[in-house]
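J.: Next up, data.pdb (PDB, C-alpha atoms).
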```pdb
MODEL        1
ATOM      1  CA  MET F   1      53.619 118.556  93.737  1.00  0.00           C
ATOM      2  CA  ASN F   2      55.239 119.383  97.069  1.00  0.00           C
ATOM      3  CA  GLN F   3      58.492 117.508  97.335  1.00  0.00           C
ATOM      4  CA  PRO F   4      59.977 116.945 100.815  1.00  0.00           C
ATOM      5  CA  ILE F   5      62.985 119.101 101.645  1.00  0.00           C
ATOM      6  CA  MET F   6      65.732 118.109 104.050  1.00  0.00           C
ATOM      7  CA  ASN F   7      66.067 120.197 107.211  1.00  0.00           C
ATOM      8  CA  ALA F   8      69.555 121.786 107.296  1.00  0.00           C
ATOM      9  CA  LEU F   9      69.979 120.641 110.911  1.00  0.00           C
ATOM     10  CA  ASP F  10      69.901 117.031 109.657  1.00  0.00           C
ATOM     11  CA  ALA F  11      73.247 117.440 107.890  1.00  0.00           C
ATOM     12  CA  VAL F  12      75.632 115.555 110.184  1.00  0.00           C
ATOM     13  CA  ALA F  13      78.463 117.765 111.466  1.00  0.00           C
ATOM     14  CA  GLY F  14      81.851 116.367 110.489  1.00  0.00           C
ATOM     15  CA  SER F  15      83.397 116.855 113.920  1.00  0.00           C
ATOM     16  CA  GLN F  16      80.570 115.081 115.783  1.00  0.00           C
ATOM     17  CA  ALA F  17      82.171 111.646 115.772  1.00  0.00           C
ATOM     18  CA  ALA F  18      84.130 109.279 117.957  1.00  0.00           C
ATOM     19  CA  ALA F  19      86.841 106.799 117.001  1.00  0.00           C
ATOM     20  CA  TYR F  20      88.144 103.776 118.893  1.00  0.00           C
ATOM     21  CA  ILE F  21      90.847 101.243 118.148  1.00  0.00           C
ATOM     22  CA  THR F  22      90.791  97.782 119.737  1.00  0.00           C
ATOM     23  CA  LEU F  23      93.965  95.739 119.556  1.00  0.00           C
ATOM     24  CA  ALA F  24      94.008  91.956 119.194  1.00  0.00           C
ATOM     25  CA  ASP F  25      95.050  91.666 122.861  1.00  0.00           C
ATOM     26  CA  GLY F  26      91.746  93.321 123.886  1.00  0.00           C
ATOM     27  CA  ASN F  27      93.114  96.754 124.789  1.00  0.00           C
ATOM     28  CA  ARG F  28      90.727  99.466 123.568  1.00  0.00           C
ATOM     29  CA  TYR F  29      91.713 103.107 123.081  1.00  0.00           C
ATOM     30  CA  CYS F  30      89.793 106.253 122.244  1.00  0.00           C
ATOM     31  CA  PHE F  31      91.547 107.257 119.032  1.00  0.00           C
ATOM     32  CA  MET F  32      90.824 110.961 119.506  1.00  0.00           C
ATOM     33  CA  GLN F  33      93.978 111.933 117.596  1.00  0.00           C
ATOM     34  CA  LEU F  34      92.153 111.288 114.328  1.00  0.00           C
ATOM     35  CA  TYR F  35      90.594 114.366 112.802  1.00  0.00           C
ATOM     36  CA  SER F  36      89.841 112.965 109.374  1.00  0.00           C
ATOM     37  CA  PHE F  37      88.860 109.386 108.544  1.00  0.00           C
ATOM     38  CA  GLU F  38      87.272 107.431 105.726  1.00  0.00           C
ATOM     39  CA  SER F  39      86.707 103.750 105.056  1.00  0.00           C
ATOM     40  CA  SER F  40      85.566 102.250 101.768  1.00  0.00           C
ATOM     41  CA  MET F  41      84.371  98.940 100.404  1.00  0.00           C
ATOM     42  CA  GLU F  42      85.111  98.287  96.744  1.00  0.00           C
ATOM     43  CA  VAL F  43      83.072  95.552  95.086  1.00  0.00           C
ATOM     44  CA  ASN F  44      85.014  93.443  92.580  1.00  0.00           C
ATOM     45  CA  ILE F  45      82.965  93.105  89.405  1.00  0.00           C
ATOM     46  CA  THR F  46      83.712  90.385  86.843  1.00  0.00           C
ATOM     47  CA  GLU F  47      82.506  90.627  83.270  1.00  0.00           C
ATOM     48  CA  VAL F  48      80.550  87.540  82.269  1.00  0.00           C
ATOM     49  CA  PRO F  49      80.292  86.546  78.591  1.00  0.00           C
ATOM     50  CA  ILE F  50      76.738  85.433  77.783  1.00  0.00           C
ATOM     51  CA  LEU F  51      75.883  83.349  74.747  1.00  0.00           C
ATOM     52  CA  GLY F  52      73.289  85.071  72.576  1.00  0.00           C
ATOM     53  CA  LYS F  53      74.039  88.615  73.804  1.00  0.00           C
ATOM     54  CA  THR F  54      76.247  91.194  72.162  1.00  0.00           C
ATOM     55  CA  GLY F  55      77.211  92.634  75.532  1.00  0.00           C
ATOM     56  CA  LYS F  56      78.582  91.080  78.662  1.00  0.00           C
ATOM     57  CA  GLY F  57      76.882  90.762  82.007  1.00  0.00           C
ATOM     58  CA  ASN F  58      78.410  91.779  85.300  1.00  0.00           C
ATOM     59  CA  LYS F  59      78.687  89.749  88.471  1.00  0.00           C
ATOM     60  CA  PRO F  60      79.978  90.782  91.890  1.00  0.00           C
ATOM     61  CA  THR F  61      82.753  88.380  92.911  1.00  0.00           C
ATOM     62  CA  GLY F  62      84.098  89.753  96.165  1.00  0.00           C
ATOM     63  CA  TRP F  63      85.162  92.966  97.813  1.00  0.00           C
ATOM     64  CA  THR F  64      88.133  94.820  99.285  1.00  0.00           C
ATOM     65  CA  GLY F  65      88.062  97.105 102.321  1.00  0.00           C
ATOM     66  CA  THR F  66      90.403 100.058 102.820  1.00  0.00           C
ATOM     67  CA  TRP F  67      90.658 102.859 105.370  1.00  0.00           C
ATOM     68  CA  LYS F  68      92.660 106.053 105.650  1.00  0.00           C
ATOM     69  CA  GLY F  69      92.875 108.976 107.993  1.00  0.00           C
ATOM     70  CA  THR F  70      94.862 111.917 109.230  1.00  0.00           C
ATOM     71  CA  ALA F  71      95.831 112.184 112.874  1.00  0.00           C
ATOM     72  CA  HIS F  72      97.754 114.489 115.134  1.00  0.00           C
ATOM     73  CA  TYR F  73     101.257 113.068 115.549  1.00  0.00           C
ATOM     74  CA  ASN F  74     100.932 112.210 119.251  1.00  0.00           C
ATOM     75  CA  GLN F  75     100.288 108.477 119.494  1.00  0.00           C
ATOM     76  CA  SER F  76     102.477 105.385 119.226  1.00  0.00           C
ATOM     77  CA  ILE F  77      99.840 102.657 118.845  1.00  0.00           C
ATOM     78  CA  ILE F  78     100.410 102.171 115.105  1.00  0.00           C
ATOM     79  CA  ARG F  79     104.195 102.444 115.510  1.00  0.00           C
ATOM     80  CA  LYS F  80     104.120  99.679 118.163  1.00  0.00           C
ATOM     81  CA  ILE F  81     102.263  97.438 115.695  1.00  0.00           C
ATOM     82  CA  LEU F  82     104.931  98.168 113.077  1.00  0.00           C
ATOM     83  CA  LEU F  83     107.677  97.485 115.634  1.00  0.00           C
ATOM     84  CA  GLU F  84     106.162  94.104 116.505  1.00  0.00           C
ATOM     85  CA  TYR F  85     105.971  93.228 112.806  1.00  0.00           C
ATOM     86  CA  LYS F  86     109.624  94.237 112.327  1.00  0.00           C
ATOM     87  CA  ARG F  87     110.743  92.180 115.328  1.00  0.00           C
ATOM     88  CA  THR F  88     108.633  89.052 114.856  1.00  0.00           C
ATOM     89  CA  GLY F  89     107.248  88.997 111.320  1.00  0.00           C
ATOM     90  CA  PHE F  90     103.726  88.891 112.835  1.00  0.00           C
ATOM     91  CA  MET F  91     101.403  91.819 112.052  1.00  0.00           C
ATOM     92  CA  PRO F  92      98.751  92.161 114.773  1.00  0.00           C
ATOM     93  CA  THR F  93      95.268  92.986 113.550  1.00  0.00           C
ATOM     94  CA  PHE F  94      92.974  95.509 115.212  1.00  0.00           C
ATOM     95  CA  ASP F  95      89.434  96.846 114.941  1.00  0.00           C
ATOM     96  CA  ILE F  96      88.458 100.457 114.296  1.00  0.00           C
ATOM     97  CA  GLN F  97      85.066 101.694 115.478  1.00  0.00           C
ATOM     98  CA  ILE F  98      83.636 104.955 114.142  1.00  0.00           C
ATOM     99  CA  GLU F  99      80.511 106.543 115.610  1.00  0.00           C
ATOM    100  CA  ASN F 100      78.773 109.479 113.934  1.00  0.00           C
ATOM    101  CA  GLU F 101      76.213 111.241 116.104  1.00  0.00           C
ATOM    102  CA  ASP F 102      75.237 114.887 115.791  1.00  0.00           C
ATOM    103  CA  PRO F 103      72.782 115.876 118.545  1.00  0.00           C
ATOM    104  CA  THR F 104      71.212 118.525 116.289  1.00  0.00           C
ATOM    105  CA  ALA F 105      70.356 115.991 113.551  1.00  0.00           C
ATOM    106  CA  SER F 106      67.259 113.799 113.801  1.00  0.00           C
ATOM    107  CA  VAL F 107      68.969 110.764 112.234  1.00  0.00           C
ATOM    108  CA  GLY F 108      70.503 109.451 115.463  1.00  0.00           C
ATOM    109  CA  ARG F 109      73.760 107.532 115.498  1.00  0.00           C
ATOM    110  CA  GLN F 110      75.549 105.287 113.022  1.00  0.00           C
ATOM    111  CA  THR F 111      78.317 102.959 114.193  1.00  0.00           C
ATOM    112  CA  ILE F 112      80.658 101.127 111.824  1.00  0.00           C
ATOM    113  CA  ILE F 113      83.213  98.614 113.117  1.00  0.00           C
ATOM    114  CA  LEU F 114      86.033  97.664 110.754  1.00  0.00           C
ATOM    115  CA  LYS F 115      87.299  94.184 111.663  1.00  0.00           C
ATOM    116  CA  ASN F 116      90.737  92.605 111.244  1.00  0.00           C
ATOM    117  CA  CYS F 117      92.424  95.844 110.214  1.00  0.00           C
ATOM    118  CA  LEU F 118      96.025  95.982 109.078  1.00  0.00           C
ATOM    119  CA  THR F 119      98.161  99.085 108.686  1.00  0.00           C
ATOM    120  CA  LYS F 120     100.027  99.644 105.419  1.00  0.00           C
ATOM    121  CA  GLY F 121     102.898 101.301 107.291  1.00  0.00           C
ATOM    122  CA  GLY F 122     103.472 104.775 108.620  1.00  0.00           C
ATOM    123  CA  ILE F 123     105.770 107.463 109.873  1.00  0.00           C
ATOM    124  CA  LEU F 124     108.298 106.276 112.460  1.00  0.00           C
ATOM    125  CA  ALA F 125     109.742 109.627 113.555  1.00  0.00           C
ATOM    126  CA  LYS F 126     109.030 113.190 112.507  1.00  0.00           C
ATOM    127  CA  PHE F 127     109.741 116.825 113.234  1.00  0.00           C
ATOM    128  CA  ASP F 128     109.197 120.119 111.436  1.00  0.00           C
ATOM    129  CA  ALA F 129     110.430 123.236 113.204  1.00  0.00           C
ATOM    130  CA  SER F 130     108.249 125.428 110.971  1.00  0.00           C
ATOM    131  CA  SER F 131     104.962 123.634 111.802  1.00  0.00           C
ATOM    132  CA  GLU F 132     102.646 124.695 114.576  1.00  0.00           C
ATOM    133  CA  THR F 133     101.528 121.050 115.026  1.00  0.00           C
ATOM    134  CA  LEU F 134     102.577 117.722 113.565  1.00  0.00           C
ATOM    135  CA  GLU F 135     100.216 115.359 111.769  1.00  0.00           C
ATOM    136  CA  GLU F 136     100.461 111.975 110.090  1.00  0.00           C
ATOM    137  CA  ASP F 137      98.529 110.101 107.438  1.00  0.00           C
ATOM    138  CA  ILE F 138      97.615 106.519 108.284  1.00  0.00           C
ATOM    139  CA  GLU F 139      96.027 103.898 106.069  1.00  0.00           C
ATOM    140  CA  GLY F 140      95.307 100.212 105.838  1.00  0.00           C
ATOM    141  CA  THR F 141      92.912  97.432 105.003  1.00  0.00           C
ATOM    142  CA  PHE F 142      90.144  95.453 106.699  1.00  0.00           C
ATOM    143  CA  ASP F 143      88.504  92.150 105.796  1.00  0.00           C
ATOM    144  CA  ASP F 144      85.159  92.396 107.589  1.00  0.00           C
ATOM    145  CA  TRP F 145      82.834  95.039 108.980  1.00  0.00           C
ATOM    146  CA  GLU F 146      79.682  95.458 111.029  1.00  0.00           C
ATOM    147  CA  MET F 147      77.031  98.162 111.393  1.00  0.00           C
ATOM    148  CA  PRO F 148      75.406  97.690 114.823  1.00  0.00           C
ATOM    149  CA  GLU F 149      73.671 101.088 114.565  1.00  0.00           C
ATOM    150  CA  SER F 150      72.423 102.877 111.460  1.00  0.00           C
ATOM    151  CA  PHE F 151      71.022 106.326 110.805  1.00  0.00           C
ATOM    152  CA  SER F 152      67.233 106.523 110.854  1.00  0.00           C
ATOM    153  CA  LEU F 153      65.371 107.696 107.765  1.00  0.00           C
ATOM    154  CA  LEU F 154      64.700 111.413 107.505  1.00  0.00           C
ATOM    155  CA  ASN F 155      61.128 112.647 107.398  1.00  0.00           C
ATOM    156  CA  GLY F 156      59.957 112.572 103.804  1.00  0.00           C
ATOM    157  CA  MET F 157      62.263 109.792 102.599  1.00  0.00           C
ATOM    158  CA  GLN F 158      59.445 107.217 102.612  1.00  0.00           C
TER     159      GLN F 158
ENDMDL
END
```
Can the structure from this file be put into structure tokens for me?
T.:
Amino acid sequence: MNQPIMNALDAVAGSQAAAYITLADGNRYCFMQLYSFESSMEVNITEVPILGKTGKGNKPTGWTGTWKGTAHYNQSIIRKILLEYKRTGFMPTFDIQIENEDPTASVGRQTIILKNCLTKGGILAKFDASSETLEEDIEGTFDDWEMPESFSLLNGMQ
């Protein structure tokens, strides 16, 4: 039996991506400072006791969205959100859009938009005289997401 084998060119290069952040006021920025990013959706599973069974069933009962990334320390967008929260008690939400598209891969582009993002905090000021460049970890939550574009199936998957 000949099993299909993935073409190595179809592995999506990690650096072939774009990131955007859209603030609640409508301002949209290319968030090119990010060089590592990941978002996750965790499904909440509740155990369900079932009469007549020795084991329990499982039922999805909601989900939680989180994101995290590492960026070069050269932007103030997140710090301005934190400053507004400190001053007013209101935390503005924002959207993060991630596009993965490697021109050498046949899968095309996937776009994920994280909606109603919040930051969990972050670095306010930083220096390190022994570092060649400064970086910062950022993280937060989201409560909705969309996928307007998805990767196409590779040859042999169907």
J.: In Å, rounded to a single decimal, give me how far CA of Thr141 (chain F) is from CA of Asn58 (chain F).
T.: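 Atom-to-atom, CA of Asn58 (chain F) and CA of Thr141 (chain F) are spaced 25.1 Å apart.
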J.: Could you tell me, as a PyMOL selection string, which residues have any atom at most 10 Å from (71.2, 110.5, 113.6), counting only C-alpha atoms?
T.: chain F and resi 10-12+100-110+149-154
J.: Give the answer as one residue: which of F:Cys30, F:Ala17, F:Ile50, F:Ile81 has the shortest atom-to-atom distance to Thr93 (chain F), using all atoms listed in the file?
T.: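 Nearest candidate to Thr93 (chain F) out of F:Cys30, F:Ala17, F:Ile50, F:Ile81: F:Ile81.
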J.: Residues within 10 Å of region 120-124 of chain F, please, as a list in words. Count all atoms listed in the file; anything in the same chain fewer than 5 positions from it doesn't count.
T.: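 Contacts, in chain order: Thr66, Trp67, Lys68, Tyr73, Ser76, Ile78, Arg79, Lys80, Ile81, Leu82, Leu83, Glu135, Glu136, Asp137, Ile138, Glu139, Gly140 and Thr141 of chain F.
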J.: As an exercise, work out the distance from CA of Thr70 (chain F) to CA of Ser36 (chain F) in Å and give it to one decimal place.
T.: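 Computing it gives 5.1 Å between the two atoms.
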J.: May I ask which of the residues F:Leu34, F:Leu118, F:Ser131, F:Asp25 is the closest one to Asn74 (chain F), counting all atoms listed in the file?
T.: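 Among F:Leu34, F:Leu118, F:Ser131, F:Asp25, it is F:Leu34 that comes nearest to Asn74 (chain F).
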J.: Hey, which of F:Gln158, F:Lys115, F:Thr133, F:Ile96 ends up closest to Tyr29 (chain F)? Count all atoms listed in the file.
T.: F:Ile96
J.: Under the PyMOL selection byres ((chain F and resi 144) around 7), which residues of this model are included? Write them out as a list in words.
T.: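 On the file shown, the PyMOL selection byres ((chain F and resi 144) around 7) covers Leu114, Lys115, Asn116, Phe142, Asp143 and Trp145 of chain F.
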J.: Nearest to Thr22 (chain F) among F:Ile5, F:Ile98, F:Ala71, F:Val43, with distances taken over all atoms listed in the file: which residue is it?
T.: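 The answer is F:Ile98, which sits nearest to Thr22 (chain F).
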J.: Taking only C-alpha atoms into account, name the residue in F:Thr119, F:Phe37, F:Trp63, F:Pro4 that is nearest to Ala19 (chain F).
T.: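 With only C-alpha atoms as the atom set, the closest residue is F:Phe37.
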J.: Take the PyMOL selection byres ((chain F and resi 61) around 12), apply it to the structure above, and return the hits as number ranges by chain.
T.: F: 42-48, 58-60, 62-64
J.: With C-alpha atoms kept, could you save the residues just selected as a CSV table (one decimal), keeping the file's coordinate frame?
T.:
```
chain,number,residue,atom,x,y,z
F,42,GLU,CA,85.1,98.3,96.7
F,43,VAL,CA,83.1,95.6,95.1
F,44,ASN,CA,85.0,93.4,92.6
F,45,ILE,CA,83.0,93.1,89.4
F,46,THR,CA,83.7,90.4,86.8
F,47,GLU,CA,82.5,90.6,83.3
F,48,VAL,CA,80.6,87.5,82.3
F,58,ASN,CA,78.4,91.8,85.3
F,59,LYS,CA,78.7,89.7,88.5
F,60,PRO,CA,80.0,90.8,91.9
F,62,GLY,CA,84.1,89.8,96.2
F,63,TRP,CA,85.2,93.0,97.8
F,64,THR,CA,88.1,94.8,99.3
```
J.: What is the CA of Tyr20 (chain F) to CA of Ser39 (chain F) distance in Å?
T.: 13.9 Å
J.: Hey, which of F:Gln75, F:Ile112, F:Phe31, F:Glu84 ends up closest to Ala125 (chain F)? Count all atoms listed in the file.
T.: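 The answer is F:Gln75, which sits nearest to Ala125 (chain F).
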J.: Once N, CA, C and O atoms are restored for region 123-145 of chain F, what would the output be as a PDB file, in the coordinates of the input?
T.:
```
ATOM      1  N   ILE F 123     104.630 106.655 109.452  1.00  0.00           N
ATOM      2  CA  ILE F 123     105.770 107.463 109.873  1.00  0.00           C
ATOM      3  C   ILE F 123     106.334 106.888 111.174  1.00  0.00           C
ATOM      4  O   ILE F 123     105.582 106.580 112.096  1.00  0.00           O
ATOM      5  N   LEU F 124     107.652 106.757 111.235  1.00  0.00           N
ATOM      6  CA  LEU F 124     108.298 106.276 112.460  1.00  0.00           C
ATOM      7  C   LEU F 124     108.704 107.442 113.356  1.00  0.00           C
ATOM      8  O   LEU F 124     108.481 107.410 114.561  1.00  0.00           O
ATOM      9  N   ALA F 125     109.325 108.450 112.793  1.00  0.00           N
ATOM     10  CA  ALA F 125     109.742 109.627 113.555  1.00  0.00           C
ATOM     11  C   ALA F 125     109.561 110.850 112.667  1.00  0.00           C
ATOM     12  O   ALA F 125     109.632 110.748 111.434  1.00  0.00           O
ATOM     13  N   LYS F 126     109.336 112.003 113.302  1.00  0.00           N
ATOM     14  CA  LYS F 126     109.030 113.190 112.507  1.00  0.00           C
ATOM     15  C   LYS F 126     109.307 114.442 113.327  1.00  0.00           C
ATOM     16  O   LYS F 126     109.119 114.450 114.541  1.00  0.00           O
ATOM     17  N   PHE F 127     109.769 115.481 112.661  1.00  0.00           N
ATOM     18  CA  PHE F 127     109.741 116.825 113.234  1.00  0.00           C
ATOM     19  C   PHE F 127     109.709 117.821 112.095  1.00  0.00           C
ATOM     20  O   PHE F 127     110.061 117.516 110.963  1.00  0.00           O
ATOM     21  N   ASP F 128     109.249 119.027 112.392  1.00  0.00           N
ATOM     22  CA  ASP F 128     109.197 120.119 111.436  1.00  0.00           C
ATOM     23  C   ASP F 128     109.174 121.405 112.248  1.00  0.00           C
ATOM     24  O   ASP F 128     108.137 121.780 112.798  1.00  0.00           O
ATOM     25  N   ALA F 129     110.307 122.045 112.364  1.00  0.00           N
ATOM     26  CA  ALA F 129     110.430 123.236 113.204  1.00  0.00           C
ATOM     27  C   ALA F 129     109.543 124.379 112.732  1.00  0.00           C
ATOM     28  O   ALA F 129     109.249 125.282 113.503  1.00  0.00           O
ATOM     29  N   SER F 130     109.093 124.343 111.484  1.00  0.00           N
ATOM     30  CA  SER F 130     108.249 125.428 110.971  1.00  0.00           C
ATOM     31  C   SER F 130     106.750 125.151 111.120  1.00  0.00           C
ATOM     32  O   SER F 130     105.940 125.996 110.788  1.00  0.00           O
ATOM     33  N   SER F 131     106.374 123.978 111.635  1.00  0.00           N
ATOM     34  CA  SER F 131     104.962 123.634 111.802  1.00  0.00           C
ATOM     35  C   SER F 131     104.481 123.982 113.198  1.00  0.00           C
ATOM     36  O   SER F 131     105.208 123.796 114.175  1.00  0.00           O
ATOM     37  N   GLU F 132     103.248 124.443 113.273  1.00  0.00           N
ATOM     38  CA  GLU F 132     102.646 124.695 114.576  1.00  0.00           C
ATOM     39  C   GLU F 132     102.296 123.379 115.267  1.00  0.00           C
ATOM     40  O   GLU F 132     102.434 123.248 116.480  1.00  0.00           O
ATOM     41  N   THR F 133     101.816 122.386 114.502  1.00  0.00           N
ATOM     42  CA  THR F 133     101.528 121.050 115.026  1.00  0.00           C
ATOM     43  C   THR F 133     101.962 120.022 113.998  1.00  0.00           C
ATOM     44  O   THR F 133     102.052 120.323 112.805  1.00  0.00           O
ATOM     45  N   LEU F 134     102.202 118.804 114.465  1.00  0.00           N
ATOM     46  CA  LEU F 134     102.577 117.722 113.565  1.00  0.00           C
ATOM     47  C   LEU F 134     101.378 116.817 113.333  1.00  0.00           C
ATOM     48  O   LEU F 134     100.573 116.586 114.231  1.00  0.00           O
ATOM     49  N   GLU F 135     101.289 116.288 112.130  1.00  0.00           N
ATOM     50  CA  GLU F 135     100.216 115.359 111.769  1.00  0.00           C
ATOM     51  C   GLU F 135     100.809 114.196 110.999  1.00  0.00           C
ATOM     52  O   GLU F 135     101.952 114.252 110.546  1.00  0.00           O
ATOM     53  N   GLU F 136     100.013 113.134 110.860  1.00  0.00           N
ATOM     54  CA  GLU F 136     100.461 111.975 110.090  1.00  0.00           C
ATOM     55  C   GLU F 136      99.275 111.350 109.378  1.00  0.00           C
ATOM     56  O   GLU F 136      98.156 111.339 109.896  1.00  0.00           O
ATOM     57  N   ASP F 137      99.528 110.857 108.186  1.00  0.00           N
ATOM     58  CA  ASP F 137      98.529 110.101 107.438  1.00  0.00           C
ATOM     59  C   ASP F 137      98.702 108.629 107.781  1.00  0.00           C
ATOM     60  O   ASP F 137      99.833 108.130 107.853  1.00  0.00           O
ATOM     61  N   ILE F 138      97.591 107.955 108.010  1.00  0.00           N
ATOM     62  CA  ILE F 138      97.615 106.519 108.284  1.00  0.00           C
ATOM     63  C   ILE F 138      96.632 105.850 107.339  1.00  0.00           C
ATOM     64  O   ILE F 138      95.636 106.463 106.920  1.00  0.00           O
ATOM     65  N   GLU F 139      96.925 104.612 106.971  1.00  0.00           N
ATOM     66  CA  GLU F 139      96.027 103.898 106.069  1.00  0.00           C
ATOM     67  C   GLU F 139      96.212 102.405 106.222  1.00  0.00           C
ATOM     68  O   GLU F 139      97.214 101.937 106.756  1.00  0.00           O
ATOM     69  N   GLY F 140      95.213 101.653 105.756  1.00  0.00           N
ATOM     70  CA  GLY F 140      95.307 100.212 105.838  1.00  0.00           C
ATOM     71  C   GLY F 140      94.130  99.522 105.194  1.00  0.00           C
ATOM     72  O   GLY F 140      93.399 100.115 104.388  1.00  0.00           O
ATOM     73  N   THR F 141      93.959  98.274 105.576  1.00  0.00           N
ATOM     74  CA  THR F 141      92.912  97.432 105.003  1.00  0.00           C
ATOM     75  C   THR F 141      92.099  96.803 106.126  1.00  0.00           C
ATOM     76  O   THR F 141      92.509  96.819 107.284  1.00  0.00           O
ATOM     77  N   PHE F 142      90.947  96.259 105.777  1.00  0.00           N
ATOM     78  CA  PHE F 142      90.144  95.453 106.699  1.00  0.00           C
ATOM     79  C   PHE F 142      89.481  94.362 105.889  1.00  0.00           C
ATOM     80  O   PHE F 142      89.311  94.493 104.672  1.00  0.00           O
ATOM     81  N   ASP F 143      89.109  93.252 106.555  1.00  0.00           N
ATOM     82  CA  ASP F 143      88.504  92.150 105.796  1.00  0.00           C
ATOM     83  C   ASP F 143      87.098  91.792 106.262  1.00  0.00           C
ATOM     84  O   ASP F 143      86.521  90.813 105.794  1.00  0.00           O
ATOM     85  N   ASP F 144      86.542  92.615 107.162  1.00  0.00           N
ATOM     86  CA  ASP F 144      85.159  92.396 107.589  1.00  0.00           C
ATOM     87  C   ASP F 144      84.672  93.695 108.214  1.00  0.00           C
ATOM     88  O   ASP F 144      85.487  94.551 108.601  1.00  0.00           O
ATOM     89  N   TRP F 145      83.367  93.867 108.301  1.00  0.00           N
ATOM     90  CA  TRP F 145      82.834  95.039 108.980  1.00  0.00           C
ATOM     91  C   TRP F 145      81.417  94.778 109.450  1.00  0.00           C
ATOM     92  O   TRP F 145      80.745  93.875 108.961  1.00  0.00           O
TER      93      TRP F 145
END
```
